[in-house]
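Engineer: Provided herewith is a single structure, encoded as structure tokens, for subsequent inquiry.
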Amino acid sequence: MGKNIWNLPFVYVYERSDFIVKLYGANIYPETIRKALQKLEFSQLLTGKFTIIIKFDRQYNQYLEINIELKKNIPSNLKLGKYVQNIIVELLLEENSEYRSNYGEMPKRQIPKIVFWKYEDPTYFKPGVKQKWVKK
């Protein structure tokens, strides 16, 4: 009989699902969204805080919602939302092969919904609380 020798302590981590959302089977990682929001052109407008969540429309089609915190005294506007959306989609297409494959088959369902929130809004960006990047 063989002896098993274990070097203790050890850690076993298996699929940390709280760090991703799945959009039609594609893993969407917060790092990609963070990278998009850290672009220089957003530095005067956005805090960089966001929360991603998968939601469903009335026909039960899923979609990616990205909730983004605006800097203090910056108003939300449609033009900014469309620009942020385009940058995020470009980066997801570049970095995520699963997303890219889904986009080729059903592009309209891959476009994230961008929702801007005022600075420190308690819904997603309560002050003094650790930022939650993914909401399930």
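Labels for the structure tokens follow display order: chains A, B, ..., residues from 1 in each chain, ligands from 1.
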Show which residues sit within 10 Å of Leu92 (chain A), as a PDB file with C-alpha atoms, in the first residue's frame. Count only C-alpha atoms, and ignore same-chain residues fewer than 3 positions away.

Structural biologist:
```pdb
ATOM      1  CA  ILE A  28     -18.041  37.886 -19.437  1.00  0.00           C
ATOM      2  CA  TYR A  29     -15.252  38.938 -17.091  1.00  0.00           C
ATOM      3  CA  THR A  32     -12.657  43.510 -19.802  1.00  0.00           C
ATOM      4  CA  ILE A  33     -15.291  46.037 -18.723  1.00  0.00           C
ATOM      5  CA  ALA A  36     -12.779  49.688 -21.342  1.00  0.00           C
ATOM      6  CA  ASN A  86     -19.286  50.812 -28.479  1.00  0.00           C
ATOM      7  CA  ILE A  87     -15.943  50.761 -26.637  1.00  0.00           C
ATOM      8  CA  ILE A  88     -17.067  47.850 -24.440  1.00  0.00           C
ATOM      9  CA  VAL A  89     -18.355  45.830 -27.415  1.00  0.00           C
ATOM     10  CA  GLU A  95     -10.589  39.732 -26.096  1.00  0.00           C
ATOM     11  CA  ASN A  96     -13.408  37.194 -25.777  1.00  0.00           C
ATOM     12  CA  SER A  97     -13.705  34.425 -28.385  1.00  0.00           C
ATOM     13  CA  GLU A  98     -16.996  33.101 -26.940  1.00  0.00           C
ATOM     14  CA  TYR A  99     -18.556  36.566 -27.127  1.00  0.00           C
ATOM     15  CA  ARG A 100     -17.164  37.043 -30.646  1.00  0.00           C
ATOM     16  CA  TYR A 103     -21.903  38.148 -31.800  1.00  0.00           C
ATOM     17  CA  GLN A 110     -24.865  40.742 -27.494  1.00  0.00           C
TER      18      GLN A 110
END
```

Engineer: Given only C-alpha atoms, how would the per-residue table for region 45-100 of chain A near region 119-135 of chain A read, listing every residue at most 12 Å away with its closest atom pair and distance in Å to one decimal, sorted by chain and number, as a Markdown table?

Structural biologist:
```
| residue | atom | partner | partner_atom | distance |
| --- | --- | --- | --- | --- |
| A:Leu45 | CA | A:Tyr119 | CA | 10.4 |
| A:Leu46 | CA | A:Tyr119 | CA | 9.0 |
| A:Thr47 | CA | A:Tyr119 | CA | 8.1 |
| A:Gly48 | CA | A:Gln131 | CA | 10.6 |
| A:Lys49 | CA | A:Gln131 | CA | 7.3 |
| A:Phe50 | CA | A:Trp133 | CA | 6.0 |
| A:Thr51 | CA | A:Trp133 | CA | 4.5 |
| A:Ile52 | CA | A:Val134 | CA | 5.0 |
| A:Ile53 | CA | A:Lys135 | CA | 5.2 |
| A:Ile54 | CA | A:Lys135 | CA | 8.2 |
| A:Lys55 | CA | A:Lys135 | CA | 10.3 |
| A:Leu64 | CA | A:Val134 | CA | 11.1 |
| A:Glu65 | CA | A:Lys135 | CA | 10.2 |
| A:Ile66 | CA | A:Val134 | CA | 9.5 |
| A:Asn67 | CA | A:Tyr124 | CA | 7.6 |
| A:Ile68 | CA | A:Tyr124 | CA | 8.6 |
| A:Glu69 | CA | A:Tyr119 | CA | 5.8 |
| A:Leu70 | CA | A:Tyr119 | CA | 5.4 |
| A:Lys71 | CA | A:Tyr119 | CA | 5.4 |
| A:Lys72 | CA | A:Tyr119 | CA | 5.1 |
| A:Asn73 | CA | A:Tyr119 | CA | 7.6 |
| A:Ile74 | CA | A:Tyr119 | CA | 8.3 |
| A:Pro75 | CA | A:Tyr119 | CA | 9.8 |
| A:Ser76 | CA | A:Tyr119 | CA | 10.8 |
```

Engineer: So that I can check the secondary structure, give me every residue of region 11-126 of chain A assigned strand (DSSP E or B) by backbone DSSP, as a ChimeraX atom specification.

Structural biologist: /A:21-23,26-28,46-56,62-70,113-117

Engineer: For the atom pair CA of Phe56 (chain A) and CA of Gln85 (chain A), what is the interatomic distance in Å to one decimal place?

Structural biologist: 18.4 Å
